[in-house]
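**Student:** This one is entry.json, JSON, C-alpha atoms and all ligand atoms.
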```
[["chain", "number", "residue", "atom", "x", "y", "z"],
["A", 986, "MET", "CA", 42.15, 47.21, 34.49],
["A", 987, "LYS", "CA", 45.36, 45.42, 33.59],
["A", 988, "ILE", "CA", 45.48, 41.75, 32.61],
["A", 989, "LEU", "CA", 48.86, 40.10, 33.24],
["A", 990, "THR", "CA", 49.88, 36.56, 32.40],
["A", 991, "THR", "CA", 53.49, 36.35, 33.61],
["A", 992, "LYS", "CA", 54.99, 36.25, 37.10],
["A", 993, "LYS", "CA", 57.66, 38.73, 36.01],
["A", 994, "GLU", "CA", 55.12, 41.39, 34.99],
["A", 995, "LEU", "CA", 53.09, 40.81, 38.14],
["A", 996, "LEU", "CA", 56.12, 41.13, 40.44],
["A", 997, "ALA", "CA", 57.15, 44.36, 38.70],
["A", 998, "ASP", "CA", 53.66, 45.86, 39.17],
["A", 999, "VAL", "CA", 53.45, 44.72, 42.80],
["A", 1000, "SER", "CA", 56.89, 46.27, 43.59],
["A", 1001, "ALA", "CA", 55.80, 49.56, 42.03],
["A", 1002, "LEU", "CA", 52.54, 49.58, 44.04],
["A", 1003, "LYS", "CA", 54.39, 48.73, 47.27],
["A", 1004, "ALA", "CA", 56.89, 51.51, 46.63],
["A", 1005, "LEU", "CA", 53.94, 53.91, 46.47],
["A", 1006, "GLY", "CA", 52.70, 52.56, 49.83],
["A", 1007, "LYS", "CA", 49.49, 51.08, 48.37],
["A", 1008, "THR", "CA", 47.58, 48.34, 50.22],
["A", 1009, "ILE", "CA", 46.91, 45.36, 48.01],
["A", 1010, "GLY", "CA", 43.76, 43.29, 48.41],
["A", 1011, "PHE", "CA", 43.66, 39.90, 46.71],
["A", 1012, "VAL", "CA", 40.92, 37.53, 45.55],
["A", 1013, "PRO", "CA", 42.27, 34.19, 44.27],
["A", 1014, "THR", "CA", 39.82, 32.43, 41.93],
["A", 1015, "MET", "CA", 39.62, 29.67, 39.35],
["A", 1016, "GLY", "CA", 37.42, 31.81, 37.11],
["A", 1017, "ALA", "CA", 33.88, 31.02, 35.92],
["A", 1018, "LEU", "CA", 33.04, 33.92, 38.17],
["A", 1019, "HIS", "CA", 29.62, 34.32, 39.76],
["A", 1020, "GLU", "CA", 27.91, 36.51, 42.35],
["A", 1021, "GLY", "CA", 29.82, 34.72, 45.14],
["A", 1022, "HIS", "CA", 33.15, 35.85, 43.66],
["A", 1023, "PHE", "CA", 31.79, 39.31, 42.85],
["A", 1024, "SER", "CA", 30.87, 39.87, 46.50],
["A", 1025, "LEU", "CA", 34.52, 39.17, 47.42],
["A", 1026, "VAL", "CA", 35.83, 41.43, 44.65],
["A", 1027, "ARG", "CA", 33.56, 44.35, 45.60],
["A", 1028, "ARG", "CA", 34.58, 44.05, 49.23],
["A", 1029, "CYS", "CA", 38.25, 43.79, 48.27],
["A", 1030, "ALA", "CA", 38.00, 46.88, 46.04],
["A", 1031, "ASN", "CA", 36.28, 48.83, 48.86],
["A", 1032, "GLU", "CA", 38.73, 47.91, 51.59],
["A", 1033, "ASN", "CA", 42.09, 48.27, 49.78],
["A", 1034, "ASP", "CA", 43.89, 50.76, 47.52],
["A", 1035, "VAL", "CA", 44.37, 48.12, 44.84],
["A", 1036, "CYS", "CA", 42.28, 45.02, 44.06],
["A", 1037, "VAL", "CA", 44.07, 42.07, 42.43],
["A", 1038, "VAL", "CA", 42.16, 39.00, 41.21],
["A", 1039, "SER", "CA", 43.84, 35.82, 39.98],
["A", 1040, "ILE", "CA", 42.12, 33.50, 37.52],
["A", 1041, "PHE", "CA", 43.83, 30.15, 37.37],
["A", 1042, "VAL", "CA", 42.26, 26.71, 37.15],
["A", 1043, "ASN", "CA", 44.86, 25.03, 39.31],
["A", 1044, "PRO", "CA", 45.55, 21.52, 37.96],
["A", 1045, "THR", "CA", 47.35, 20.34, 41.11],
["A", 1046, "GLN", "CA", 44.24, 20.60, 43.30],
["A", 1047, "PHE", "CA", 42.09, 18.34, 41.10],
["A", 1048, "ASN", "CA", 42.26, 14.69, 42.11],
["A", 1049, "ASN", "CA", 39.83, 13.83, 39.31],
["A", 1050, "PRO", "CA", 41.13, 14.58, 35.75],
["A", 1051, "GLU", "CA", 37.58, 14.63, 34.36],
["A", 1052, "ASP", "CA", 36.57, 17.28, 36.89],
["A", 1053, "LEU", "CA", 39.56, 19.40, 35.80],
["A", 1054, "GLU", "CA", 38.67, 19.00, 32.15],
["A", 1055, "LYS", "CA", 35.00, 19.88, 32.71],
["A", 1056, "TYR", "CA", 35.71, 22.87, 34.95],
["A", 1057, "PRO", "CA", 34.02, 25.86, 33.25],
["A", 1058, "ARG", "CA", 36.35, 28.47, 31.73],
["A", 1059, "ASP", "CA", 35.48, 31.86, 30.20],
["A", 1060, "LEU", "CA", 38.30, 34.37, 30.63],
["A", 1061, "LYS", "CA", 36.74, 37.00, 28.37],
["A", 1062, "ARG", "CA", 33.43, 37.07, 30.25],
["A", 1063, "ASP", "CA", 35.26, 37.00, 33.63],
["A", 1064, "THR", "CA", 37.56, 39.92, 32.82],
["A", 1065, "GLU", "CA", 34.71, 42.00, 31.38],
["A", 1066, "ALA", "CA", 32.75, 41.51, 34.61],
["A", 1067, "LEU", "CA", 35.79, 42.27, 36.81],
["A", 1068, "ALA", "CA", 36.46, 45.54, 34.97],
["A", 1069, "GLU", "CA", 32.95, 46.68, 36.02],
["A", 1070, "MET", "CA", 33.46, 46.09, 39.71],
["A", 1071, "GLY", "CA", 36.59, 47.91, 40.68],
["A", 1072, "CYS", "CA", 39.23, 45.25, 40.05],
["A", 1073, "ASN", "CA", 42.54, 46.90, 39.06],
["A", 1074, "LEU", "CA", 44.63, 43.95, 38.03],
["A", 1075, "VAL", "CA", 43.90, 40.42, 36.83],
["A", 1076, "PHE", "CA", 46.59, 37.75, 36.93],
["A", 1077, "ALA", "CA", 45.73, 34.90, 34.55],
["A", 1078, "PRO", "CA", 48.79, 32.68, 34.07],
["A", 1079, "SER", "CA", 49.06, 29.40, 32.16],
["A", 1080, "PRO", "CA", 49.87, 26.18, 34.11],
["A", 1081, "GLU", "CA", 53.37, 26.24, 32.55],
["A", 1082, "GLU", "CA", 53.90, 29.80, 33.82],
["A", 1083, "MET", "CA", 52.91, 28.79, 37.35],
["A", 1084, "TYR", "CA", 54.64, 25.43, 37.65],
["A", 1085, "SER", "CA", 57.79, 23.65, 36.62],
["A", 1086, "PRO", "CA", 57.20, 20.10, 35.28],
["A", 1087, "GLU", "CA", 58.46, 18.71, 38.65],
["A", 1088, "GLU", "CA", 56.01, 20.84, 40.62],
["A", 1089, "MET", "CA", 53.19, 19.65, 38.36],
["A", 1090, "SER", "CA", 53.95, 15.99, 38.96],
["A", 1091, "GLN", "CA", 54.95, 15.91, 42.64],
["A", 1092, "THR", "CA", 52.64, 16.28, 45.62],
["A", 1093, "PHE", "CA", 53.31, 19.50, 47.50],
["A", 1094, "GLU", "CA", 54.05, 18.52, 51.10],
["A", 1095, "PHE", "CA", 52.45, 20.44, 53.96],
["A", 1096, "ASP", "CA", 51.71, 19.73, 57.62],
["A", 1097, "PHE", "CA", 47.93, 20.05, 57.79],
["A", 1098, "GLY", "CA", 47.80, 19.11, 61.47],
["A", 1099, "GLY", "CA", 44.95, 16.68, 60.72],
["A", 1100, "LEU", "CA", 42.81, 19.17, 58.75],
["A", 1101, "ASP", "CA", 43.32, 16.99, 55.68],
["A", 1102, "HIS", "CA", 41.94, 13.87, 57.36],
["A", 1103, "VAL", "CA", 38.34, 15.06, 57.39],
["A", 1104, "MET", "CA", 35.65, 15.94, 54.86],
["A", 1105, "GLU", "CA", 37.12, 17.35, 51.61],
["A", 1106, "GLY", "CA", 40.62, 16.26, 52.66],
["A", 1107, "LEU", "CA", 39.45, 12.69, 53.11],
["A", 1108, "HIS", "CA", 37.33, 12.52, 49.98],
["A", 1109, "ARG", "CA", 39.69, 14.42, 47.66],
["A", 1110, "PRO", "CA", 43.19, 13.13, 48.47],
["A", 1111, "GLY", "CA", 45.86, 15.69, 47.57],
["A", 1112, "HIS", "CA", 43.31, 18.45, 46.98],
["A", 1113, "PHE", "CA", 44.47, 20.70, 49.81],
["A", 1114, "ASN", "CA", 48.14, 20.05, 48.95],
["A", 1115, "GLY", "CA", 47.39, 21.65, 45.58],
["A", 1116, "VAL", "CA", 45.45, 24.50, 47.19],
["A", 1117, "VAL", "CA", 48.31, 25.34, 49.57],
["A", 1118, "GLN", "CA", 50.82, 25.01, 46.73],
["A", 1119, "VAL", "CA", 49.02, 27.50, 44.51],
["A", 1120, "VAL", "CA", 47.85, 29.94, 47.19],
["A", 1121, "SER", "CA", 51.35, 30.16, 48.71],
["A", 1122, "LYS", "CA", 52.78, 30.84, 45.24],
["A", 1123, "LEU", "CA", 50.14, 33.50, 44.62],
["A", 1124, "PHE", "CA", 50.74, 35.11, 48.02],
["A", 1125, "ASP", "CA", 54.48, 35.25, 47.25],
["A", 1126, "LEU", "CA", 53.74, 37.05, 44.00],
["A", 1127, "VAL", "CA", 50.87, 39.37, 45.00],
["A", 1128, "GLN", "CA", 52.08, 40.03, 48.57],
["A", 1129, "PRO", "CA", 48.58, 41.05, 49.66],
["A", 1130, "TYR", "CA", 47.68, 42.95, 52.81],
["A", 1131, "ARG", "CA", 44.27, 41.23, 52.81],
["A", 1132, "ALA", "CA", 43.08, 38.10, 50.97],
["A", 1133, "TYR", "CA", 39.42, 37.19, 50.53],
["A", 1134, "PHE", "CA", 37.90, 33.70, 50.59],
["A", 1135, "GLY", "CA", 34.29, 32.51, 50.45],
["A", 1136, "GLU", "CA", 32.85, 30.50, 53.35],
["A", 1137, "LYS", "CA", 31.26, 27.96, 51.00],
["A", 1138, "ASP", "CA", 34.73, 26.37, 51.04],
["A", 1139, "PHE", "CA", 34.80, 26.44, 54.83],
["A", 1140, "GLN", "CA", 37.51, 23.82, 55.22],
["A", 1141, "GLN", "CA", 39.69, 25.63, 52.67],
["A", 1142, "ILE", "CA", 39.66, 28.75, 54.87],
["A", 1143, "ALA", "CA", 40.82, 26.68, 57.86],
["A", 1144, "VAL", "CA", 43.65, 25.24, 55.73],
["A", 1145, "ILE", "CA", 44.65, 28.69, 54.43],
["A", 1146, "LYS", "CA", 44.70, 30.12, 57.97],
["A", 1147, "ARG", "CA", 47.01, 27.29, 59.05],
["A", 1148, "MET", "CA", 49.22, 27.92, 56.01],
["A", 1149, "VAL", "CA", 49.44, 31.62, 56.90],
["A", 1150, "LYS", "CA", 50.47, 30.73, 60.45],
["A", 1151, "LEU", "CA", 53.00, 28.01, 59.58],
["A", 1152, "MET", "CA", 54.54, 29.85, 56.62],
["A", 1153, "ASN", "CA", 54.54, 33.22, 58.40],
["A", 1154, "TYR", "CA", 52.58, 35.18, 55.82],
["A", 1155, "ASP", "CA", 51.85, 38.75, 56.82],
["A", 1156, "VAL", "CA", 48.32, 38.78, 55.44],
["A", 1157, "ILE", "CA", 44.84, 39.20, 56.86],
["A", 1158, "ILE", "CA", 42.48, 36.41, 55.77],
["A", 1159, "VAL", "CA", 38.99, 37.80, 55.29],
["A", 1160, "SER", "CA", 36.29, 35.13, 55.20],
["A", 1161, "CYS", "CA", 33.08, 36.16, 53.48],
["A", 1162, "PRO", "CA", 29.55, 34.71, 53.78],
["A", 1163, "ILE", "CA", 28.09, 32.27, 51.27],
["A", 1164, "VAL", "CA", 26.10, 33.93, 48.49],
["A", 1165, "ARG", "CA", 22.96, 31.99, 47.52],
["A", 1166, "GLU", "CA", 20.65, 31.92, 44.53],
["A", 1167, "THR", "CA", 17.00, 32.93, 45.25],
["A", 1168, "SER", "CA", 16.23, 29.21, 45.62],
["A", 1169, "GLY", "CA", 18.83, 28.95, 48.39],
["A", 1170, "LEU", "CA", 21.35, 27.01, 46.28],
["A", 1171, "ALA", "CA", 24.88, 28.13, 47.19],
["A", 1172, "ARG", "CA", 26.50, 29.97, 44.27],
["A", 1173, "SER", "CA", 29.19, 27.86, 42.63],
["A", 1174, "SER", "CA", 30.98, 27.75, 39.29],
["A", 1175, "ARG", "CA", 29.84, 24.13, 39.13],
["A", 1176, "ASN", "CA", 26.16, 25.22, 39.05],
["A", 1177, "GLU", "CA", 26.77, 26.09, 35.39],
["A", 1178, "ARG", "CA", 26.98, 22.37, 34.70],
["A", 1179, "LEU", "CA", 23.49, 21.71, 36.12],
["A", 1180, "SER", "CA", 20.45, 21.50, 33.82],
["A", 1181, "PRO", "CA", 17.49, 23.71, 34.84],
["A", 1182, "ALA", "CA", 15.79, 20.63, 36.34],
["A", 1183, "GLU", "CA", 18.94, 19.65, 38.26],
["A", 1184, "ARG", "CA", 19.28, 23.22, 39.53],
["A", 1185, "ALA", "CA", 15.80, 23.00, 41.02],
["A", 1186, "THR", "CA", 16.65, 19.60, 42.54],
["A", 1187, "ALA", "CA", 19.91, 20.94, 43.98],
["A", 1188, "ALA", "CA", 18.01, 23.72, 45.80],
["A", 1189, "ASN", "CA", 16.77, 21.01, 48.19],
["A", 1190, "ILE", "CA", 20.26, 20.79, 49.71],
["A", 1191, "ALA", "CA", 20.06, 24.28, 51.24],
["A", 1192, "ARG", "CA", 16.38, 23.84, 52.12],
["A", 1193, "ILE", "CA", 17.17, 20.72, 54.17],
["A", 1194, "LEU", "CA", 20.23, 22.30, 55.80],
["A", 1195, "PHE", "CA", 18.17, 25.31, 56.89],
["A", 1196, "GLU", "CA", 15.35, 23.07, 58.14],
["A", 1197, "SER", "CA", 17.84, 21.11, 60.22],
["A", 1198, "ARG", "CA", 18.50, 24.24, 62.27],
["A", 1199, "GLN", "CA", 15.01, 23.91, 63.73],
["A", 1200, "LEU", "CA", 15.92, 20.50, 65.18],
["A", 1201, "THR", "CA", 18.86, 21.50, 67.34],
["A", 1202, "ALA", "CA", 16.68, 22.35, 70.37],
["A", 1203, "SER", "CA", 15.33, 18.81, 70.61],
["A", 1204, "GLN", "CA", 17.89, 16.57, 68.90],
["A", 1205, "SER", "CA", 21.52, 15.57, 69.30],
["A", 1206, "VAL", "CA", 24.29, 16.24, 66.78],
["A", 1207, "CYS", "CA", 24.22, 12.56, 65.71],
["A", 1208, "GLN", "CA", 20.48, 12.57, 65.22],
["A", 1209, "VAL", "CA", 20.52, 15.72, 63.08],
["A", 1210, "GLN", "CA", 23.45, 14.41, 61.06],
["A", 1211, "SER", "CA", 21.51, 11.23, 60.18],
["A", 1212, "TRP", "CA", 18.33, 13.22, 59.51],
["A", 1213, "VAL", "CA", 20.07, 15.53, 56.99],
["A", 1214, "ILE", "CA", 21.69, 12.61, 55.14],
["A", 1215, "GLU", "CA", 18.39, 10.75, 54.98],
["A", 1216, "GLN", "CA", 16.38, 13.78, 53.81],
["A", 1217, "ILE", "CA", 18.84, 14.69, 51.05],
["A", 1218, "ASN", "CA", 19.17, 11.10, 49.83],
["A", 1219, "ARG", "CA", 15.37, 10.90, 49.64],
["A", 1220, "VAL", "CA", 15.36, 13.59, 46.94],
["A", 1221, "ASP", "CA", 15.44, 11.98, 43.51],
["A", 1222, "GLY", "CA", 18.70, 12.93, 41.78],
["A", 1223, "LEU", "CA", 20.72, 13.77, 44.92],
["A", 1224, "ARG", "CA", 23.32, 11.57, 46.62],
["A", 1225, "VAL", "CA", 25.18, 12.60, 49.76],
["A", 1226, "GLU", "CA", 28.92, 11.94, 49.76],
["A", 1227, "TYR", "CA", 29.28, 13.10, 53.37],
["A", 1228, "TYR", "CA", 27.57, 15.29, 55.92],
["A", 1229, "GLU", "CA", 29.72, 16.10, 58.93],
["A", 1230, "ILE", "CA", 28.83, 18.34, 61.83],
["A", 1231, "VAL", "CA", 32.13, 19.64, 63.17],
["A", 1232, "ASP", "CA", 33.59, 22.28, 65.45],
["A", 1233, "CYS", "CA", 34.09, 25.50, 63.44],
["A", 1234, "ASP", "CA", 37.70, 25.90, 64.64],
["A", 1235, "THR", "CA", 39.13, 22.37, 64.86],
["A", 1236, "LEU", "CA", 36.93, 20.73, 62.17],
["A", 1237, "GLN", "CA", 36.77, 17.69, 64.45],
["A", 1238, "PRO", "CA", 33.35, 16.03, 64.97],
["A", 1239, "ALA", "CA", 31.14, 18.22, 67.17],
["A", 1240, "THR", "CA", 29.70, 16.78, 70.34],
["A", 1241, "GLU", "CA", 27.53, 19.80, 71.15],
["A", 1242, "TRP", "CA", 25.79, 22.54, 69.16],
["A", 1243, "LYS", "CA", 28.02, 25.37, 70.40],
["A", 1244, "ASN", "CA", 30.34, 26.53, 67.57],
["A", 1245, "ALA", "CA", 29.11, 23.72, 65.30],
["A", 1246, "ILE", "CA", 28.95, 23.79, 61.51],
["A", 1247, "GLY", "CA", 27.45, 21.19, 59.20],
["A", 1248, "CYS", "CA", 29.38, 20.61, 55.97],
["A", 1249, "VAL", "CA", 27.87, 18.64, 53.13],
["A", 1250, "THR", "CA", 28.96, 17.31, 49.75],
["A", 1251, "VAL", "CA", 26.24, 16.09, 47.43],
["A", 1252, "TYR", "CA", 26.26, 14.72, 43.91],
["A", 1253, "CYS", "CA", 23.51, 16.10, 41.70],
["A", 1254, "GLY", "CA", 23.88, 13.92, 38.62],
["A", 1255, "ASP", "CA", 27.66, 13.95, 38.09],
["A", 1256, "VAL", "CA", 28.11, 17.46, 39.53],
["A", 1257, "ARG", "CA", 29.72, 17.58, 42.95],
["A", 1258, "LEU", "CA", 28.27, 20.39, 45.09],
["A", 1259, "ILE", "CA", 29.29, 21.58, 48.54],
["A", 1260, "ASP", "CA", 27.45, 23.70, 51.09],
["A", 1261, "ASN", "CA", 27.45, 24.31, 54.82],
["A", 1262, "ILE", "CA", 25.38, 25.72, 57.64],
["A", 1263, "LYS", "CA", 26.36, 27.21, 60.99],
["A", 1264, "TYR", "CA", 24.32, 26.05, 63.96],
["A", 1265, "ILE", "CA", 23.56, 28.36, 66.81],
["A", 1266, "GLY", "CA", 24.32, 26.64, 70.11],
["A", 1301, "LIG", "O1", 38.53, 28.42, 46.02],
["A", 1301, "LIG", "C1", 39.09, 28.36, 44.90],
["A", 1301, "LIG", "O2", 38.55, 28.80, 43.88],
["A", 1301, "LIG", "C2", 40.47, 27.74, 44.79],
["A", 1301, "LIG", "O3", 40.61, 26.67, 45.65],
["A", 1301, "LIG", "C3", 41.61, 28.76, 44.98],
["A", 1301, "LIG", "C4", 41.61, 29.34, 46.39],
["A", 1301, "LIG", "C5", 41.47, 29.88, 43.98],
["A", 1301, "LIG", "C6", 42.96, 28.08, 44.76],
["A", 1301, "LIG", "O4", 43.06, 27.56, 43.48]]
```
Can I see the file as structure tokens?
Ligand code: PAF
**Tutor:**
Amino acid sequence: MKILTTKKELLADVSALKALGKTIGFVPTMGALHEGHFSLVRRCANENDVCVVSIFVNPTQFNNPEDLEKYPRDLKRDTEALAEMGCNLVFAPSPEEMYSPEEMSQTFEFDFGGLDHVMEGLHRPGHFNGVVQVVSKLFDLVQPYRAYFGEKDFQQIAVIKRMVKLMNYDVIIVSCPIVRETSGLARSSRNERLSPAERATAANIARILFESRQLTASQSVCQVQSWVIEQINRVDGLRVEYYEIVDCDTLQPATEWKNAIGCVTVYCGDVRLIDNIKYIG
């Protein structure tokens, strides 16, 4: 497995692979890899000739400097794990390699068609601008045939699909199911920042989401939304930032259960966790 840190080296390798007619699969990550990422990498390695993984903690998508600073980083452990699971090439650039000083300081403009006015977009201003900025740069460099994203970041997938459409990328976006710990807690790099006690507390988020599925036969979307918020807030140590039940495609508030998904953000101590659940209409 090769580890590259410059755009020049990466472009040279990608051109050589393309010249040989190889299909490139791509998993963009911010490192601190866990079983959720590994499921994407294994699938990517199985479905393509070449599997490329990027590890880059993208500063432009963090609206909170403290969150950026505290984001877990362990390149050595990540690359050792990736070598075991069929990854062929890791791209791990520095912020200076990825961005000019202007790009670092200016907001990347993009027409989100309203996707940025709800949920993560609303609560993390500028977050998706940074995501589109970095993913479009990475797509330009890696030129993947398929790119893999985890459904824990459900809204991110919707944003990426819009980006692909508007910017005419010739890439298949593969969305992959959430991977959970045995307790139900959705796997996240941020879980590393939870104490064992907080980890047990955080497992209540998934428990309540799954329980809410039982209510859809008898209760309206609004009722279930309030119930979930109330149940999570009742758990000592958890605080809901938002819980929205939206249409899976438009991400606009759902009025019926058909095609509905519930997306939640919860603080467990100072760790911000997200999760979601699809409802069956
Ligand atoms: O989902 C993530 O880890 C990041 O948002 C991504 C897609 C790697 C862009 O930095």
**Student:** For Ala997 in chain A, which of A:Ala1066, A:Val1127, A:Cys1207, A:Leu1018 is the closest residue, counting all atoms listed in the file?
**Tutor:**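 Of A:Ala1066, A:Val1127, A:Cys1207, A:Leu1018, the one nearest Ala997 in chain A is A:Val1127, counting all atoms listed in the file.
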**Student:** Using all atoms listed in the file, which protein or nucleic acid residues come within 12 Å of Phe1139 in chain A? Drop anything in the same chain fewer than 4 positions from it, and give the result as a PyMOL selection string.
**Tutor:** chain A and resi 1100+1104-1106+1134-1135+1143-1146+1160-1163+1231-1236+1246-1250+1259-1263
**Student:** Keeping only C-alpha atoms, write the selected residues to a file as a PDB file, keeping the file's coordinate frame.
**Tutor:**
```
ATOM      1  CA  LEU A1100      42.810  19.170  58.750  1.00  0.00           C
ATOM      2  CA  MET A1104      35.650  15.940  54.860  1.00  0.00           C
ATOM      3  CA  GLU A1105      37.120  17.350  51.610  1.00  0.00           C
ATOM      4  CA  GLY A1106      40.620  16.260  52.660  1.00  0.00           C
ATOM      5  CA  PHE A1134      37.900  33.700  50.590  1.00  0.00           C
ATOM      6  CA  GLY A1135      34.290  32.510  50.450  1.00  0.00           C
ATOM      7  CA  ALA A1143      40.820  26.680  57.860  1.00  0.00           C
ATOM      8  CA  VAL A1144      43.650  25.240  55.730  1.00  0.00           C
ATOM      9  CA  ILE A1145      44.650  28.690  54.430  1.00  0.00           C
ATOM     10  CA  LYS A1146      44.700  30.120  57.970  1.00  0.00           C
ATOM     11  CA  SER A1160      36.290  35.130  55.200  1.00  0.00           C
ATOM     12  CA  CYS A1161      33.080  36.160  53.480  1.00  0.00           C
ATOM     13  CA  PRO A1162      29.550  34.710  53.780  1.00  0.00           C
ATOM     14  CA  ILE A1163      28.090  32.270  51.270  1.00  0.00           C
ATOM     15  CA  VAL A1231      32.130  19.640  63.170  1.00  0.00           C
ATOM     16  CA  ASP A1232      33.590  22.280  65.450  1.00  0.00           C
ATOM     17  CA  CYS A1233      34.090  25.500  63.440  1.00  0.00           C
ATOM     18  CA  ASP A1234      37.700  25.900  64.640  1.00  0.00           C
ATOM     19  CA  THR A1235      39.130  22.370  64.860  1.00  0.00           C
ATOM     20  CA  LEU A1236      36.930  20.730  62.170  1.00  0.00           C
ATOM     21  CA  ILE A1246      28.950  23.790  61.510  1.00  0.00           C
ATOM     22  CA  GLY A1247      27.450  21.190  59.200  1.00  0.00           C
ATOM     23  CA  CYS A1248      29.380  20.610  55.970  1.00  0.00           C
ATOM     24  CA  VAL A1249      27.870  18.640  53.130  1.00  0.00           C
ATOM     25  CA  THR A1250      28.960  17.310  49.750  1.00  0.00           C
ATOM     26  CA  ILE A1259      29.290  21.580  48.540  1.00  0.00           C
ATOM     27  CA  ASP A1260      27.450  23.700  51.090  1.00  0.00           C
ATOM     28  CA  ASN A1261      27.450  24.310  54.820  1.00  0.00           C
ATOM     29  CA  ILE A1262      25.380  25.720  57.640  1.00  0.00           C
ATOM     30  CA  LYS A1263      26.360  27.210  60.990  1.00  0.00           C
TER      31      LYS A1263
END
```
**Student:** For the contact check between chain A and ligand LIG 1301 (chain A), emit one row per residue of chain A within 8 Å, containing the shortest atom pair and the distance in Å rounded to one decimal, counting all atoms listed in the file, chain then rising number order, as CSV.
**Tutor:**
```
residue,atom,partner,partner_atom,distance
A:Val1012,CA,A:LIG1301,C5,7.8
A:Pro1013,CA,A:LIG1301,C5,4.4
A:Thr1014,CA,A:LIG1301,C5,3.7
A:Met1015,CA,A:LIG1301,O2,4.7
A:Gly1016,CA,A:LIG1301,O2,7.5
A:Ser1039,CA,A:LIG1301,C5,7.5
A:Ile1040,CA,A:LIG1301,C5,7.4
A:Phe1041,CA,A:LIG1301,O4,6.7
A:Val1042,CA,A:LIG1301,O4,6.4
A:Asn1043,CA,A:LIG1301,O4,5.2
A:Gln1046,CA,A:LIG1301,O4,7.1
A:Gly1115,CA,A:LIG1301,O4,7.6
A:Val1116,CA,A:LIG1301,C6,5.0
A:Val1117,CA,A:LIG1301,C6,7.7
A:Val1119,CA,A:LIG1301,O4,6.0
A:Val1120,CA,A:LIG1301,C6,5.8
A:Phe1134,CA,A:LIG1301,O1,7.0
A:Gly1135,CA,A:LIG1301,O1,7.4
A:Asp1138,CA,A:LIG1301,O1,6.6
A:Gln1141,CA,A:LIG1301,O3,7.2
```
**Student:** Go through A:Asn1033, A:Thr990, A:Asn1048, A:Thr1186 and flag the residue nearest Glu1081 in chain A, using all atoms listed in the file for the distances.
**Tutor:**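 Checking each candidate against Glu1081 in chain A, we get A:Thr990 as the closest.
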**Student:** Could you check how far CA of Arg1147 in chain A sits from CA of Phe1095 in chain A, in Å to one decimal?
**Tutor:** 10.1 Å
**Student:** Name the residues in contact with Gly1169 in chain A at a cut-off of 12 Å, using all atoms listed in the file, excluding same-chain residues fewer than 6 positions from it; report them as a list in words.
**Tutor:**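 So the residues in contact are Ile1163, Arg1184, Ala1185, Thr1186, Ala1187, Ala1188, Asn1189, Ile1190, Ala1191, Arg1192, Ile1193, Leu1194, Phe1195, Glu1196, Asp1260, Asn1261 and Ile1262 of chain A.
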**Student:** Could you check which of A:Thr1240, A:Lys1061, A:Lys1007, A:Thr1045 is closest to Glu1087 in chain A, using all atoms listed in the file?
**Tutor:**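 When distances to Glu1087 in chain A are compared using all atoms listed in the file, the smallest one comes from A:Thr1045.
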**Student:** Between A:Glu1051, A:Glu1183, A:Glu1088, A:Asp1034, which one has atoms that come closest to Pro1129 in chain A, using all atoms listed in the file?
**Tutor:**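 Answer, going by the shortest atom-to-atom distance: A:Asp1034.
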**Student:** Between A:Leu1074, A:Leu1005, A:Val1164, A:Leu1053, which one has atoms that come closest to Lys987 in chain A, using only C-alpha atoms?
**Tutor:**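 Ranking A:Leu1074, A:Leu1005, A:Val1164, A:Leu1053 by distance to Lys987 in chain A, first place goes to A:Leu1074.
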**Student:** Can you tell me which residues surround Ala1202 in chain A at a distance of at most 12 Å, considering only C-alpha atoms, apart from same-chain residues fewer than 6 positions away, and format the answer as a PyMOL selection string?
**Tutor:** chain A and resi 1208-1209+1241-1243+1264-1266
